[in-house]
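Notes to accompany the following structure.
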Amino acid sequence: MVHVSATPVLALRGVSKRFGAVQALTDVELEVHAGEVVALVGDNGAGKSTLVKTIAGVHPIDEGAIEWDGKTVQINKPNDAQQLGIATVYQDLALCDNIDVVGNLFLGRELTRRGVLDEVEMERRARELLTTLSIRIPSVRIPIASLSGGQRQTVAIARSMLGDPKLVILDEPTAALGVEQTAQVLDLIERLRERGHAVILISHNMADVKAVADKVAVLRLGRNNGVFEVKTTSQEEIISAITGATDNAVTRRAARANGEDSQ
Amino acid sequence: MSTDKTSKAPQDTQVAENPEAAAAAVTAVDPRLLVREQGLAGYVGEFKRKMRAGDLGSLPVIVGLIAICVIFQSLNSAFLSAENISNITITMVGTGMISVGIVFVLLLGEIDLSVGSVSGAASALTAVFAVNQGWPEWVAVLTAVAAGAAIGAVHGFFFAVLGAPAFAVTLAGLLFWLGFMLQVLGENGTINLKSDGLIGQLTTYFFADVAAAYGLAALVVAVFFATSYLGNRRREAAGIPTRPLSETVLRTALLAVVSFAAAYMYNQYKGLPLATVIFLAFLVLTDFLLRRTTYGRKVFALGGSVEASRRAGINVTAIRISCFAISGLFAAIGGLFLASKIASANQSAGTGDLLMNAIAAAVIGGTSLFGGRGRTWNALLGVMVIVSIQYGLQLESIAEPVKYMITAGVLLTTVVIDSITRKTQKTAGRA
């Protein structure tokens with residue numbers, strides 16, 4: 001069993017965010033502990049992306065408080081979040097196709113030696129990082145363009161690990177990936193947890209959520225709609241929390257399917 | 001993250017800690033992936049695979065250069081004479097310098113159409129300062145070169161800050177600086193430069209001592225071998241894959257053959273030309289800047305993905321402006337060499353096919369028009385092709401119209417080769 005510390009790495013207390021006439025987030029609460037994977041789920045427009053962007057410093061919050069290691073902090077710009085130790089991997093991976101894996105891992109924070117790029121040290125550290133994360137890349141010296149979608153995703157995640165963040169936010173990391181590649185990314189998420197990182201995972205895929213998450217935080221129309229322990233919660237319960245009712249198209253369909261099975 | 005494992009190879013520690021993960025990492029290599037084997041055989045195998053995958057690099061242009069030499073030599077035995085080759089390598093410096101600047105802009109995936117006019121304007125400024133105003137020549141030269149960089153930075157400002165398309169901004173620049181040059185040159189239209197002055201000497205000075213050319217060749221080869229060898233030693237010490245020594249030796253040997261052949265050839269005529277030395281120095285400098293510094297890495301990143309660069313904290317605006325400034329800087333330097341060749345600044349400077357030749361040289365050499373791929377050495381190879389053809393046709397006294405058409409054919413061929421290799425690369429997943 002993974003050890004979970006008492007003080008959450010990140011805690012949101014009554015966070016609200018408004019865009020003009022739209023109340024995107026209302027009194028949202030969220031806690032993430034070290035060594036814990038929290039899946040953030042919700043339908044389109046539920047406020048998942050907005051919530052992540054407030055944590056990453058893209059949108060400052062209007063009301064409420066963000067606590068980091070138990071202390072209230074201000075996150076007003078992406079740099080603030082990075083300083084705290086929050087790394088975000090967005091859905092569009094933001095890698096440069098023409099640059100090799102090592103170059104992409106260190107993009108914007110290249111190591112230099114007497115003013116010259118220290119390719120040797122960067123390659124050594126890149127190899128070390130990829131090995132410790134058991135990431136499968138054919139060569140660290142081939143351009144990103146040559147990699148498959150799953151390999152690119154793992155490179156993007158590995159890149160977020162370079163600053164040794166305490167919290168990693170992954171936005172739909174398995175969208176548009178094949179079976180094998182999805183498994184690779186899920187493996188990687190588990191490895192992040194084993195190494196004591198807190199992880200927030202945004203996903204629409206319930207199978208992925210069930211596979212790797214410890215807790216599921218459901219957002220509905222910008223509000224909390226329950227936090228569930230994955231082990232003790234069925235997929236149907238999560239889905240009804242997402243859709244906001246026990247009587248709707250999804251549950252009716254599930255009930256019909258059960259009825260057919262029993263006949 | 002484990003940073004305390006510096007002394008041991010990462011694989012070994014991994015085995016000790018987590019044998020399962022290590023096993024996974026070892027078997028993880030996709031069997032379809034072709035990783036180069038050690039030794040020369042592996043090198044040959046990789047070369048063949050690259051050819052099939054359309055990763056041609058500089059090969060087409062080198063093959064083209066050899067073909068040009070064979071064709072023109074068979075037509076006229078004077079083509080490969082020391083005098084002709086020496087002249088070609090001096091003439092190409094002007095266009096080549098401009099082309100080096102163009103490479104920076106092309107790497108961003110943009111284009112600079114103003115370089116021809118800027119080179120003309122810089123030569124006119126130099127002549128006015130040095131001859132009409134009587135400034136010392138070196139002050140005039142530095143002022144003109146700085147003016148070139150400033151002009152480029154202005155173009156960059158309109159593109160990067162105001163968001164105007166680089167094509168349109170530099171097209172306006174082309175017209176403006178052409179007008180500026182004509183204005184500066186005044187009624188007369190031509191200002192003659194002292195042929196024994198600093199600018200005149202740029203293309204007429206030769207290091208006549210035989211030792212100069214051989215010494216430079218030896219220095220180049222020695223530095224190349226030393227950096228390759230020491231680099232490999234460092235990689236070995238860090239426990240990451242290295243090039244086999246045989247490969248380093250082979251590369252050095254190839255470089256030595258080319259360098260010493262060139263040195264021998266120069267010594268058959270007047271000696272090592274100053275222009276060539278300056279051109280090579282700038283090529284080494286810009287190549288180092290692009291491939292070995294964080295600045296260069298940022299330029300390539302911008303050519304790959306602007307959004308990724310921005311998120312990585314790269315100052316996109318500053319890099320864009322700087323690339324246009326470098327383009328203007330090298331346009332001005334190229335303009336000085338072109339002016340030096342005719343020992344005057346006149347109204348036709350920077351006009352005609354100069355712009356097209358400079359861009360064509362970069363592209364023929366293998367710089368991608370779509371950004372993110374290219375080296376400044378491409379400018380050298382490309383300009384060699386263009387100027388060789390010009391000289392070859394001149395020896396055959398083929399008329400000007402035909403020269404234009406043949407150069408156009410060469411450019412079109414290169415672009416077609418570029419497009420086809422791009423397609424092949426896409427299918428081979430190496431685009």
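Convention: chains lettered A, B, ... in structure tokens order; per-chain residue numbering from 1; ligands numbered from 1 as shown.
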### Query
Where in segment 19-263 of chain A does DSSP assign alpha helix (DSSP H), given as an MDAnalysis selection string?
chainID A and resid 48:56 78:84 101:105 119:132 149:161 179:194 206:212 235:243 249:262
### Task
Report as a PyMOL selection string the set of chain A residues whose atoms approach chain B to within 10 Å, with distances computed over only C-alpha atoms.
chain A and resi 78-79+92-99+103-104+106-113+115-121+123-125+127-139+142-148+161-165+195
Go ahead and write the residues just picked, C-alpha atoms, as a PDB file, in the first residue's frame.
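Final file, out.pdb:
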```
ATOM      1  CA  PRO A  78       2.691  29.935 -14.596  1.00  0.00           C
ATOM      2  CA  ASN A  79       6.082  30.754 -13.130  1.00  0.00           C
ATOM      3  CA  ASP A  92      -1.043  19.277 -27.042  1.00  0.00           C
ATOM      4  CA  LEU A  93       2.365  18.165 -25.931  1.00  0.00           C
ATOM      5  CA  ALA A  94       4.347  21.210 -26.955  1.00  0.00           C
ATOM      6  CA  LEU A  95       7.349  19.339 -28.273  1.00  0.00           C
ATOM      7  CA  CYS A  96       9.527  20.445 -31.184  1.00  0.00           C
ATOM      8  CA  ASP A  97       9.366  17.832 -33.949  1.00  0.00           C
ATOM      9  CA  ASN A  98      12.703  18.747 -35.463  1.00  0.00           C
ATOM     10  CA  ILE A  99      14.718  18.512 -32.236  1.00  0.00           C
ATOM     11  CA  GLY A 103      16.978  18.585 -26.839  1.00  0.00           C
ATOM     12  CA  ASN A 104      13.258  18.510 -26.129  1.00  0.00           C
ATOM     13  CA  PHE A 106      15.989  20.203 -21.809  1.00  0.00           C
ATOM     14  CA  LEU A 107      14.301  22.811 -24.020  1.00  0.00           C
ATOM     15  CA  GLY A 108      14.365  26.175 -22.287  1.00  0.00           C
ATOM     16  CA  ARG A 109      16.671  24.928 -19.509  1.00  0.00           C
ATOM     17  CA  GLU A 110      19.656  23.665 -21.425  1.00  0.00           C
ATOM     18  CA  LEU A 111      22.741  22.730 -19.452  1.00  0.00           C
ATOM     19  CA  THR A 112      25.838  24.597 -20.479  1.00  0.00           C
ATOM     20  CA  ARG A 113      29.506  24.153 -19.848  1.00  0.00           C
ATOM     21  CA  GLY A 115      28.811  28.866 -22.289  1.00  0.00           C
ATOM     22  CA  VAL A 116      28.518  25.928 -24.676  1.00  0.00           C
ATOM     23  CA  LEU A 117      25.675  23.396 -24.708  1.00  0.00           C
ATOM     24  CA  ASP A 118      26.723  20.449 -22.574  1.00  0.00           C
ATOM     25  CA  GLU A 119      25.340  17.710 -24.811  1.00  0.00           C
ATOM     26  CA  VAL A 120      27.157  14.951 -22.949  1.00  0.00           C
ATOM     27  CA  GLU A 121      25.730  15.822 -19.544  1.00  0.00           C
ATOM     28  CA  GLU A 123      22.321  13.052 -22.740  1.00  0.00           C
ATOM     29  CA  ARG A 124      23.566  11.294 -19.608  1.00  0.00           C
ATOM     30  CA  ARG A 125      20.841  12.821 -17.450  1.00  0.00           C
ATOM     31  CA  ARG A 127      19.202   8.502 -20.221  1.00  0.00           C
ATOM     32  CA  GLU A 128      19.186   8.292 -16.462  1.00  0.00           C
ATOM     33  CA  LEU A 129      15.760   9.885 -16.237  1.00  0.00           C
ATOM     34  CA  LEU A 130      14.271   7.693 -18.956  1.00  0.00           C
ATOM     35  CA  THR A 131      15.777   4.593 -17.375  1.00  0.00           C
ATOM     36  CA  THR A 132      14.477   5.341 -13.899  1.00  0.00           C
ATOM     37  CA  LEU A 133      11.032   5.912 -15.384  1.00  0.00           C
ATOM     38  CA  SER A 134      11.495   2.778 -17.542  1.00  0.00           C
ATOM     39  CA  ILE A 135      10.516   4.767 -20.591  1.00  0.00           C
ATOM     40  CA  ARG A 136      11.019   2.971 -23.861  1.00  0.00           C
ATOM     41  CA  ILE A 137      12.581   5.205 -26.471  1.00  0.00           C
ATOM     42  CA  PRO A 138      14.614   3.679 -29.319  1.00  0.00           C
ATOM     43  CA  SER A 139      17.275   6.371 -29.089  1.00  0.00           C
ATOM     44  CA  ILE A 142      16.331  10.806 -32.822  1.00  0.00           C
ATOM     45  CA  PRO A 143      13.987  13.688 -33.605  1.00  0.00           C
ATOM     46  CA  ILE A 144      10.572  13.690 -31.937  1.00  0.00           C
ATOM     47  CA  ALA A 145       8.990  13.394 -35.394  1.00  0.00           C
ATOM     48  CA  SER A 146      10.208   9.782 -35.544  1.00  0.00           C
ATOM     49  CA  LEU A 147       8.405   8.749 -32.348  1.00  0.00           C
ATOM     50  CA  SER A 148       4.930   7.293 -32.004  1.00  0.00           C
ATOM     51  CA  MET A 161       9.827  15.388 -14.287  1.00  0.00           C
ATOM     52  CA  LEU A 162      13.141  17.141 -14.937  1.00  0.00           C
ATOM     53  CA  GLY A 163      12.496  19.881 -12.402  1.00  0.00           C
ATOM     54  CA  ASP A 164      11.633  17.160  -9.839  1.00  0.00           C
ATOM     55  CA  PRO A 165       8.122  18.543  -9.221  1.00  0.00           C
ATOM     56  CA  ARG A 195       8.369   7.818  -6.590  1.00  0.00           C
TER      57      ARG A 195
END
```
### Task
Can you work out the spacing between atom CA of Leu192 of chain A and atom CA of Ala87 of chain A in Å, to one decimal?
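Interatomic distance, atom CA of Leu192 of chain A to atom CA of Ala87 of chain A: 12.4 Å.
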### Task
Can you list, as a ChimeraX atom specification, all residues belonging to segment 63-145 of chain A that DSSP tags as strand (DSSP E)?
/A:63-68,71-73,86-89,112-113,116-117
Output of the above residues as a short mmCIF file (atom, residue, chain, number, x, y, z; two decimals), in the first residue's frame, restricted to C-alpha atoms:
```cif
data_model
loop_
_atom_site.label_atom_id
_atom_site.label_comp_id
_atom_site.auth_asym_id
_atom_site.auth_seq_id
_atom_site.Cartn_x
_atom_site.Cartn_y
_atom_site.Cartn_z
CA GLU A 63 -12.16 33.60 -4.49
CA GLY A 64 -10.96 30.91 -2.13
CA ALA A 65 -7.48 29.76 -1.21
CA ILE A 66 -4.82 27.46 -2.52
CA GLU A 67 -2.76 25.66 0.12
CA TRP A 68 0.63 24.19 -0.68
CA LYS A 71 0.47 26.99 3.74
CA THR A 72 -1.71 29.39 1.79
CA VAL A 73 0.00 30.48 -1.44
CA ILE A 86 3.89 22.02 -10.08
CA ALA A 87 4.47 20.60 -13.55
CA THR A 88 1.72 20.50 -16.13
CA VAL A 89 1.62 18.33 -19.25
CA THR A 112 25.84 24.60 -20.48
CA ARG A 113 29.51 24.15 -19.85
CA VAL A 116 28.52 25.93 -24.68
CA LEU A 117 25.68 23.40 -24.71
#
```
#### Entry: Closest of B:Val61, B:Ala281, B:Leu108, B:Ile68 to Leu369 of chain B - atom-to-atom distances counting only C-alpha atoms
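Comparing B:Val61, B:Ala281, B:Leu108, B:Ile68 against Leu369 of chain B, the winner is B:Leu108.
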### Message
Which residues are close to Ile326 of chain B, i.e. within 8 Å by only C-alpha atoms, leaving aside same-chain residues fewer than 6 positions away? Reply as a ChimeraX atom specification.
### Response
/B:101,104,149,152
### Message
I need the residue nearest Ile202 of chain A from this list: A:His59, A:Arg13, A:His33, A:Lys48. Use only C-alpha atoms for the distance.
### Response
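Nearest to Ile202 of chain A: A:Lys48.
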